[in-house]
Every structure is written in structure tokens, then in C-alpha cells.
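Below: the structure, in C-alpha cells.
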Amino acid sequence: MDEARLSKLPGIRENEPLSRHSWYGIGGPARFFLEVTDDGVLDELVPYLNETRTPFAVVGAASNTLFADEGFDGLVIKVASQHLLLDGDTLEVGAGYLMPRLALETCKAGLAGLEFGAGVPGSVGGSLVGNAGAFGREVKDCLVEASAIDPAGKRQTIPASECKFAYRDSTFKSDRRGWVIIAARFRASHEEPVLIRDRIRRVQRHRRETQPIEKRSLGSTFKNPPGDAAGRLVEACGLKGMRVGGAQISPKHANFIVNLGQARADDVLALMAEMRDRVRDRFGIQLEPEVRVIGRGGDA
């Protein structure tokens, strides 16, 4: 890692506390941190990082990302591009745009199909990587194509048909891992805003009633196994309300781990291990994390 060169990048921050950029409010320092609002800087930066084997991680809202207490010994890039362009029944949106905001803005324009975004507290880029969804609809149901920068620094357009979408999965977690999503194009349909707004309110109401949104969390901790629900399995093991340090398995929904105020990443990881082990021992089911971990053996 060429620290001298990285330290000269415009806008770079050194030893930046990642807790400031975490939905969870948890995380040690990043050796280097760069918030990118103009994705043009990534054309040269991404290939340089790959050529020099500099550890780097790309985040958006970090709404499902757990930063390690030790931080990250590399560069964390926060993609914060915010543009939104409407063209008939399609729209192009920057990777840093928040999904709840996108749901509201498309509603104002009389465009339906993205109401589920009101229940996805993350950015467009992160939602595409994980094929995020809520209440019966997912990114794959409305994506036309994604724009991304490949490891060589070339801009590529990936049609939805080539994104290999699956439950909370996409090509960007496998064969296109390391690509940086900069924008997405979605299709929508025209409808009266009042009808769209009603569906958004139903999504928001259901989320308030079933999830502990009054406290900081990373959303669903584990993916639902086929034909079952991770929350039901964890609850059946009697783990609702269990605490480790400042972290707690939510009494409201057992697949959420909430930060009671002073939680550390190690507290969260200890609860995740307990949930995984107890469900495996009782039901023979291996839960797969939905939470992304950066640092301490996680993403790099």
C-alpha cells in the first residue's frame, strides 16, 4: 500500500472513525477514507488499487455493514453519487442514492414499482449487490441494467439478465466481486401518486410494526433458509432478548441485533455466533449471514 500517494488524494481522510459512517454507529478507524460524489475519480483509482494490491472496501449507506472494532487497514471508499434522471418509464440513479428516498421521489413523479424501497434502508448500489427486497419485491424485479467500473478501470454496462440475481445475491458477490457499482437504471410504470403513496405507507407501517426501527440495527442478521425464517428459528431457541455487552437480540424480531448504545463489533459477532450455533445444534440448519463484515477477516 502506497501510503504516501493515498495521503495526497483530494478529499482523503486518515484514521477516519468508521462509526461515523455506519448505520450501526460501530467501528474502528479506517487507515484511509474517501467519500466519492463524482464517480469519475474511480476510473483511475480502482485499477491503481488493484495493481498495487491495496486493501480496499466500497460502501454506501453501510446499513448492513459491520465495521470491526480494530478498523480497516486500507482504503474505505464511500460511493455517494446522488443523481436521479427520469426518462419516461425508466430512471437512472446514482449508486449512493438511498432507496427510501428513491421510493418517495418516484412516487411524486407518478412512477410505480419501487415502493418496496421504503422498506430498504440502504443505498442503490448496496441494494443491487445484495438484491435487496422488502414485502414481496426485490431489486431484480425492476432493474434494467447496472453501470459499474471493473477492476481494470473500464466502465461496463451489465444487463439485469447477466446479474445472476438470487435471494440476497448477485454477480457482484461472486464473479464480479471487486467491481464498483456507480449507477443503476430501473423500469417503472405510470400510476396516480395517491395510489403509490398508499402502498408506501403500508410498507412503512408494516416495517414499524414488525421491526425494531426505533433502535440501531443492521436489518436482518441472517438470510432466511429455504422454506423457513431465520427469526423464527432463533426465537425457537429462546434467544430473543439475549445480550452481550451493548448488543441485544431484539425482543421484537429475533433476526435483528440492536445497538443499545455502547455496543462493540465483538458484541455483535458473539451474538451472531450464538444464534448460528444454537440453530445448527437444534435444527441442523446452517444460517448464512446477511450482514457484511469489514475488517478482522471480512471484506478487503
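Identifiers for the C-alpha cells are assigned positionally: chains receive A, B, ... in sequence, residues are indexed from 1 per chain, and ligands are indexed from 1 in the order shown.
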
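Within 10 Å of Leu260 in chain A, once only C-alpha atoms are used and residues closer than 2 positions along the same chain are dropped, the contacting residues are Lys215, Arg216, Ser217, Arg243, Gly245, Gly246, Ala247, Gln248, Ser250, Ile257, Val258, Gln262 and Ala263 of chain A.
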
Since we have the selection now, will you write its residues out, keeping C-alpha atoms, as a PDB file, in the first residue's frame?
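Here's the written file out.pdb:
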ATOM      1  CA  LYS A 215     -33.036   1.292  17.626  1.00  0.00           C
ATOM      2  CA  ARG A 216     -29.909   0.992  15.501  1.00  0.00           C
ATOM      3  CA  SER A 217     -29.512  -2.348  13.765  1.00  0.00           C
ATOM      4  CA  ARG A 243     -27.480  -9.504  25.459  1.00  0.00           C
ATOM      5  CA  GLY A 245     -22.240  -6.108  26.134  1.00  0.00           C
ATOM      6  CA  GLY A 246     -24.175  -3.324  24.457  1.00  0.00           C
ATOM      7  CA  ALA A 247     -25.730  -5.542  21.781  1.00  0.00           C
ATOM      8  CA  GLN A 248     -29.038  -7.375  22.070  1.00  0.00           C
ATOM      9  CA  SER A 250     -34.197  -7.727  19.571  1.00  0.00           C
ATOM     10  CA  ILE A 257     -29.352  -7.395  16.665  1.00  0.00           C
ATOM     11  CA  VAL A 258     -29.766  -3.885  18.068  1.00  0.00           C
ATOM     12  CA  GLN A 262     -22.406   1.253  23.553  1.00  0.00           C
ATOM     13  CA  ALA A 263     -22.221  -1.947  21.520  1.00  0.00           C
TER      14      ALA A 263
END

Please identify every residue of range 182-282 of chain A that has at least one atom no farther than 8 Å from an atom of range 58-70 of chain A, counting only C-alpha atoms, and for each give the shortest atom pair and the distance in Å to one decimal, arranged by chain then increasing number, as a Markdown table.
| residue | atom | partner | partner_atom | distance |
| --- | --- | --- | --- | --- |
| A:Leu218 | CA | A:Asn64 | CA | 4.5 |
| A:Gly219 | CA | A:Asn64 | CA | 6.4 |
| A:Arg264 | CA | A:Asp69 | CA | 6.5 |
| A:Ala265 | CA | A:Ala68 | CA | 5.5 |
| A:Asp266 | CA | A:Asp69 | CA | 7.0 |

Dump as a PDB file, in the first residue's frame, selection limited to C-alpha atoms:
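Contents of again-v3.pdb, freshly written:
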ATOM      1  CA  LEU A 218     -28.174  -3.805  10.527  1.00  0.00           C
ATOM      2  CA  GLY A 219     -31.508  -5.192   9.420  1.00  0.00           C
ATOM      3  CA  ARG A 264     -18.941  -3.098  20.015  1.00  0.00           C
ATOM      4  CA  ALA A 265     -18.488  -5.184  16.893  1.00  0.00           C
ATOM      5  CA  ASP A 266     -17.222  -8.042  19.039  1.00  0.00           C
TER       6      ASP A 266
END

Tell me which protein, DNA and RNA residues are within 6 Å of Val124 in chain A, counting only C-alpha atoms, leaving out same-chain ones fewer than 5 positions away, and put them as a PyMOL selection string.
-> chain A and resi 95+97+99

Range 69-109 of chain A: residues DSSP assigns to strand (DSSP E), reported as a PDB file with C-alpha atoms, in the first residue's frame:
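Result file out_9.pdb:
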ATOM      1  CA  PHE A  72      -9.696  -1.425   8.447  1.00  0.00           C
ATOM      2  CA  ASP A  73      -6.046  -1.235   7.403  1.00  0.00           C
ATOM      3  CA  GLY A  74      -6.636   0.016   3.896  1.00  0.00           C
ATOM      4  CA  LEU A  75      -8.912   2.382   1.986  1.00  0.00           C
ATOM      5  CA  VAL A  76     -12.663   2.573   2.546  1.00  0.00           C
ATOM      6  CA  ILE A  77     -14.464   4.230  -0.378  1.00  0.00           C
ATOM      7  CA  LYS A  78     -17.926   5.612   0.266  1.00  0.00           C
ATOM      8  CA  VAL A  79     -19.825   5.970  -3.015  1.00  0.00           C
ATOM      9  CA  LEU A  84     -31.610  10.927 -10.394  1.00  0.00           C
ATOM     10  CA  LEU A  85     -32.695  11.224 -14.029  1.00  0.00           C
ATOM     11  CA  LEU A  86     -36.247  10.392 -15.093  1.00  0.00           C
ATOM     12  CA  ASP A  87     -36.974   9.451 -18.708  1.00  0.00           C
ATOM     13  CA  THR A  90     -37.247   4.448 -16.833  1.00  0.00           C
ATOM     14  CA  LEU A  91     -34.930   6.197 -14.410  1.00  0.00           C
ATOM     15  CA  GLU A  92     -31.190   6.356 -13.859  1.00  0.00           C
ATOM     16  CA  VAL A  93     -29.992   6.787 -10.303  1.00  0.00           C
ATOM     17  CA  GLY A  94     -26.595   7.136  -8.663  1.00  0.00           C
TER      18      GLY A  94
END

CA of Ser81 in chain A to CA of Gly25 in chain A, distance in Å rounded to a single decimal |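 Computing the Euclidean distance for CA of Ser81 in chain A and CA of Gly25 in chain A yields 22.0 Å.
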
Can you tell me, as a PDB file with N, CA and C atoms, in the first residue's frame, which residues in range 71-242 of chain A count as alpha helix (DSSP H) by DSSP?
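Contents of part.pdb, freshly written:
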ATOM      1  N   MET A  99     -32.512   4.173  -0.994  1.00  0.00           N
ATOM      2  CA  MET A  99     -33.716   3.523  -1.511  1.00  0.00           C
ATOM      3  C   MET A  99     -35.020   4.147  -0.980  1.00  0.00           C
ATOM      4  N   PRO A 100     -35.143   4.482   0.320  1.00  0.00           N
ATOM      5  CA  PRO A 100     -36.381   5.118   0.775  1.00  0.00           C
ATOM      6  C   PRO A 100     -36.645   6.449   0.078  1.00  0.00           C
ATOM      7  N   ARG A 101     -35.582   7.210  -0.152  1.00  0.00           N
ATOM      8  CA  ARG A 101     -35.733   8.482  -0.864  1.00  0.00           C
ATOM      9  C   ARG A 101     -36.164   8.235  -2.311  1.00  0.00           C
ATOM     10  N   LEU A 102     -35.604   7.200  -2.934  1.00  0.00           N
ATOM     11  CA  LEU A 102     -35.972   6.863  -4.308  1.00  0.00           C
ATOM     12  C   LEU A 102     -37.456   6.502  -4.396  1.00  0.00           C
ATOM     13  N   ALA A 103     -37.951   5.745  -3.425  1.00  0.00           N
ATOM     14  CA  ALA A 103     -39.369   5.388  -3.405  1.00  0.00           C
ATOM     15  C   ALA A 103     -40.241   6.633  -3.355  1.00  0.00           C
ATOM     16  N   LEU A 104     -39.862   7.599  -2.530  1.00  0.00           N
ATOM     17  CA  LEU A 104     -40.659   8.817  -2.376  1.00  0.00           C
ATOM     18  C   LEU A 104     -40.579   9.706  -3.617  1.00  0.00           C
ATOM     19  N   GLU A 105     -39.393   9.830  -4.201  1.00  0.00           N
ATOM     20  CA  GLU A 105     -39.238  10.697  -5.372  1.00  0.00           C
ATOM     21  C   GLU A 105     -39.955  10.129  -6.594  1.00  0.00           C
ATOM     22  N   THR A 106     -39.892   8.818  -6.788  1.00  0.00           N
ATOM     23  CA  THR A 106     -40.601   8.227  -7.921  1.00  0.00           C
ATOM     24  C   THR A 106     -42.109   8.307  -7.706  1.00  0.00           C
ATOM     25  N   CYS A 107     -42.543   8.240  -6.465  1.00  0.00           N
ATOM     26  CA  CYS A 107     -43.971   8.411  -6.161  1.00  0.00           C
ATOM     27  C   CYS A 107     -44.440   9.792  -6.603  1.00  0.00           C
ATOM     28  N   LYS A 108     -43.652  10.820  -6.266  1.00  0.00           N
ATOM     29  CA  LYS A 108     -44.020  12.190  -6.649  1.00  0.00           C
ATOM     30  C   LYS A 108     -44.160  12.329  -8.159  1.00  0.00           C
ATOM     31  N   VAL A 124     -28.687   2.518  -3.311  1.00  0.00           N
ATOM     32  CA  VAL A 124     -28.982   1.785  -4.544  1.00  0.00           C
ATOM     33  C   VAL A 124     -27.875   0.783  -4.854  1.00  0.00           C
ATOM     34  N   GLY A 125     -26.613   1.203  -4.724  1.00  0.00           N
ATOM     35  CA  GLY A 125     -25.511   0.300  -5.039  1.00  0.00           C
ATOM     36  C   GLY A 125     -25.492  -0.931  -4.161  1.00  0.00           C
ATOM     37  N   GLY A 126     -25.594  -0.720  -2.861  1.00  0.00           N
ATOM     38  CA  GLY A 126     -25.598  -1.856  -1.942  1.00  0.00           C
ATOM     39  C   GLY A 126     -26.811  -2.740  -2.126  1.00  0.00           C
ATOM     40  N   SER A 127     -27.943  -2.133  -2.434  1.00  0.00           N
ATOM     41  CA  SER A 127     -29.166  -2.906  -2.643  1.00  0.00           C
ATOM     42  C   SER A 127     -29.059  -3.775  -3.879  1.00  0.00           C
ATOM     43  N   LEU A 128     -28.359  -3.286  -4.879  1.00  0.00           N
ATOM     44  CA  LEU A 128     -28.172  -4.077  -6.095  1.00  0.00           C
ATOM     45  C   LEU A 128     -27.241  -5.258  -5.833  1.00  0.00           C
ATOM     46  N   VAL A 129     -26.158  -5.013  -5.110  1.00  0.00           N
ATOM     47  CA  VAL A 129     -25.206  -6.090  -4.790  1.00  0.00           C
ATOM     48  C   VAL A 129     -25.915  -7.237  -4.082  1.00  0.00           C
ATOM     49  N   PRO A 193     -50.100   9.171  -8.197  1.00  0.00           N
ATOM     50  CA  PRO A 193     -49.269   9.257  -6.988  1.00  0.00           C
ATOM     51  C   PRO A 193     -49.993   8.867  -5.706  1.00  0.00           C
ATOM     52  N   VAL A 194     -51.278   9.158  -5.616  1.00  0.00           N
ATOM     53  CA  VAL A 194     -52.013   8.847  -4.388  1.00  0.00           C
ATOM     54  C   VAL A 194     -52.057   7.337  -4.135  1.00  0.00           C
ATOM     55  N   LEU A 195     -52.142   6.547  -5.208  1.00  0.00           N
ATOM     56  CA  LEU A 195     -52.160   5.089  -5.058  1.00  0.00           C
ATOM     57  C   LEU A 195     -50.779   4.558  -4.675  1.00  0.00           C
ATOM     58  N   ILE A 196     -49.748   5.137  -5.285  1.00  0.00           N
ATOM     59  CA  ILE A 196     -48.382   4.736  -4.962  1.00  0.00           C
ATOM     60  C   ILE A 196     -48.064   5.087  -3.512  1.00  0.00           C
ATOM     61  N   ARG A 197     -48.482   6.282  -3.096  1.00  0.00           N
ATOM     62  CA  ARG A 197     -48.221   6.739  -1.729  1.00  0.00           C
ATOM     63  C   ARG A 197     -48.893   5.830  -0.703  1.00  0.00           C
ATOM     64  N   ASP A 198     -50.059   5.330  -1.040  1.00  0.00           N
ATOM     65  CA  ASP A 198     -50.755   4.434  -0.122  1.00  0.00           C
ATOM     66  C   ASP A 198     -49.954   3.140   0.076  1.00  0.00           C
ATOM     67  N   ARG A 199     -49.373   2.608  -0.990  1.00  0.00           N
ATOM     68  CA  ARG A 199     -48.568   1.389  -0.869  1.00  0.00           C
ATOM     69  C   ARG A 199     -47.301   1.654  -0.059  1.00  0.00           C
ATOM     70  N   ILE A 200     -46.700   2.824  -0.263  1.00  0.00           N
ATOM     71  CA  ILE A 200     -45.512   3.180   0.512  1.00  0.00           C
ATOM     72  C   ILE A 200     -45.845   3.254   1.994  1.00  0.00           C
ATOM     73  N   ARG A 201     -46.992   3.836   2.324  1.00  0.00           N
ATOM     74  CA  ARG A 201     -47.392   3.939   3.728  1.00  0.00           C
ATOM     75  C   ARG A 201     -47.631   2.571   4.341  1.00  0.00           C
ATOM     76  N   ARG A 202     -48.158   1.649   3.528  1.00  0.00           N
ATOM     77  CA  ARG A 202     -48.368   0.290   4.041  1.00  0.00           C
ATOM     78  C   ARG A 202     -47.025  -0.402   4.311  1.00  0.00           C
ATOM     79  N   VAL A 203     -46.057  -0.193   3.430  1.00  0.00           N
ATOM     80  CA  VAL A 203     -44.717  -0.751   3.643  1.00  0.00           C
ATOM     81  C   VAL A 203     -44.113  -0.172   4.916  1.00  0.00           C
ATOM     82  N   GLN A 204     -44.211   1.147   5.074  1.00  0.00           N
ATOM     83  CA  GLN A 204     -43.643   1.804   6.253  1.00  0.00           C
ATOM     84  C   GLN A 204     -44.334   1.345   7.535  1.00  0.00           C
ATOM     85  N   ARG A 205     -45.651   1.211   7.480  1.00  0.00           N
ATOM     86  CA  ARG A 205     -46.397   0.779   8.671  1.00  0.00           C
ATOM     87  C   ARG A 205     -46.028  -0.644   9.063  1.00  0.00           C
ATOM     88  N   HIS A 206     -45.945  -1.523   8.078  1.00  0.00           N
ATOM     89  CA  HIS A 206     -45.587  -2.918   8.358  1.00  0.00           C
ATOM     90  C   HIS A 206     -44.185  -3.009   8.945  1.00  0.00           C
ATOM     91  N   ARG A 207     -43.273  -2.194   8.432  1.00  0.00           N
ATOM     92  CA  ARG A 207     -41.902  -2.192   8.955  1.00  0.00           C
ATOM     93  C   ARG A 207     -41.883  -1.708  10.406  1.00  0.00           C
ATOM     94  N   ARG A 208     -42.642  -0.657  10.703  1.00  0.00           N
ATOM     95  CA  ARG A 208     -42.692  -0.154  12.086  1.00  0.00           C
ATOM     96  C   ARG A 208     -43.270  -1.198  13.031  1.00  0.00           C
ATOM     97  N   GLU A 209     -44.260  -1.952  12.551  1.00  0.00           N
ATOM     98  CA  GLU A 209     -44.939  -2.914  13.416  1.00  0.00           C
ATOM     99  C   GLU A 209     -44.133  -4.181  13.655  1.00  0.00           C
ATOM    100  N   THR A 210     -43.266  -4.545  12.716  1.00  0.00           N
ATOM    101  CA  THR A 210     -42.582  -5.842  12.805  1.00  0.00           C
ATOM    102  C   THR A 210     -41.091  -5.754  13.075  1.00  0.00           C
ATOM    103  N   ALA A 230     -35.332 -17.160   9.484  1.00  0.00           N
ATOM    104  CA  ALA A 230     -34.252 -17.153  10.465  1.00  0.00           C
ATOM    105  C   ALA A 230     -34.745 -16.654  11.816  1.00  0.00           C
ATOM    106  N   GLY A 231     -35.595 -15.638  11.812  1.00  0.00           N
ATOM    107  CA  GLY A 231     -36.108 -15.105  13.070  1.00  0.00           C
ATOM    108  C   GLY A 231     -36.893 -16.136  13.854  1.00  0.00           C
ATOM    109  N   ARG A 232     -37.691 -16.948  13.165  1.00  0.00           N
ATOM    110  CA  ARG A 232     -38.468 -17.980  13.856  1.00  0.00           C
ATOM    111  C   ARG A 232     -37.548 -19.012  14.498  1.00  0.00           C
ATOM    112  N   LEU A 233     -36.497 -19.395  13.776  1.00  0.00           N
ATOM    113  CA  LEU A 233     -35.569 -20.398  14.285  1.00  0.00           C
ATOM    114  C   LEU A 233     -34.817 -19.874  15.513  1.00  0.00           C
ATOM    115  N   VAL A 234     -34.363 -18.627  15.450  1.00  0.00           N
ATOM    116  CA  VAL A 234     -33.633 -18.043  16.574  1.00  0.00           C
ATOM    117  C   VAL A 234     -34.552 -17.901  17.788  1.00  0.00           C
ATOM    118  N   GLU A 235     -35.774 -17.464  17.537  1.00  0.00           N
ATOM    119  CA  GLU A 235     -36.736 -17.319  18.633  1.00  0.00           C
ATOM    120  C   GLU A 235     -37.052 -18.669  19.268  1.00  0.00           C
ATOM    121  N   ALA A 236     -37.162 -19.718  18.441  1.00  0.00           N
ATOM    122  CA  ALA A 236     -37.459 -21.051  18.962  1.00  0.00           C
ATOM    123  C   ALA A 236     -36.341 -21.579  19.851  1.00  0.00           C
TER     124      ALA A 236
END

At most 12 Å is the cut-off: for each residue in range 132-180 of chain A with any atom that close to an atom of range 221-229 of chain A, write down the nearest atom pair and the distance in Å rounded to one decimal, counting only C-alpha atoms, chain first then increasing number, as a tab-separated table.
residue	atom	partner	partner_atom	distance
A:Ala132	CA	A:Lys223	CA	11.2
A:Gly133	CA	A:Lys223	CA	11.9
A:Ala166	CA	A:Lys223	CA	11.8
A:Tyr167	CA	A:Lys223	CA	8.4
A:Arg168	CA	A:Lys223	CA	7.6
A:Asp169	CA	A:Lys223	CA	10.3

Just the selected residues (C-alpha atoms), exported as a tab-separated table (two decimals), in the first residue's frame, please.
chain	number	residue	atom	x	y	z
A	132	ALA	CA	-32.33	-6.24	-1.54
A	133	GLY	CA	-36.06	-6.56	-1.14
A	166	ALA	CA	-30.84	-14.84	-6.38
A	167	TYR	CA	-32.11	-14.44	-2.85
A	168	ARG	CA	-29.90	-11.67	-1.40
A	169	ASP	CA	-27.28	-12.46	-4.01

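The space between CA of Asn15 in chain A and CA of Glu290 in chain A spans 27.2 Å.
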
Which is closest to Leu111 in chain A among A:Glu192, A:Glu138, A:Glu51, A:Glu35, if we use only C-alpha atoms?
->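 Of all the options, A:Glu192 lies closest to Leu111 in chain A.
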
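In this comparison, which uses only C-alpha atoms, the residue of A:Ser170, A:Thr37, A:Ser22, A:Ser189 approaching Asn131 in chain A most closely is A:Ser170.
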
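Between CA of His21 in chain A and CA of Arg176 in chain A there is a distance of 24.9 Å.
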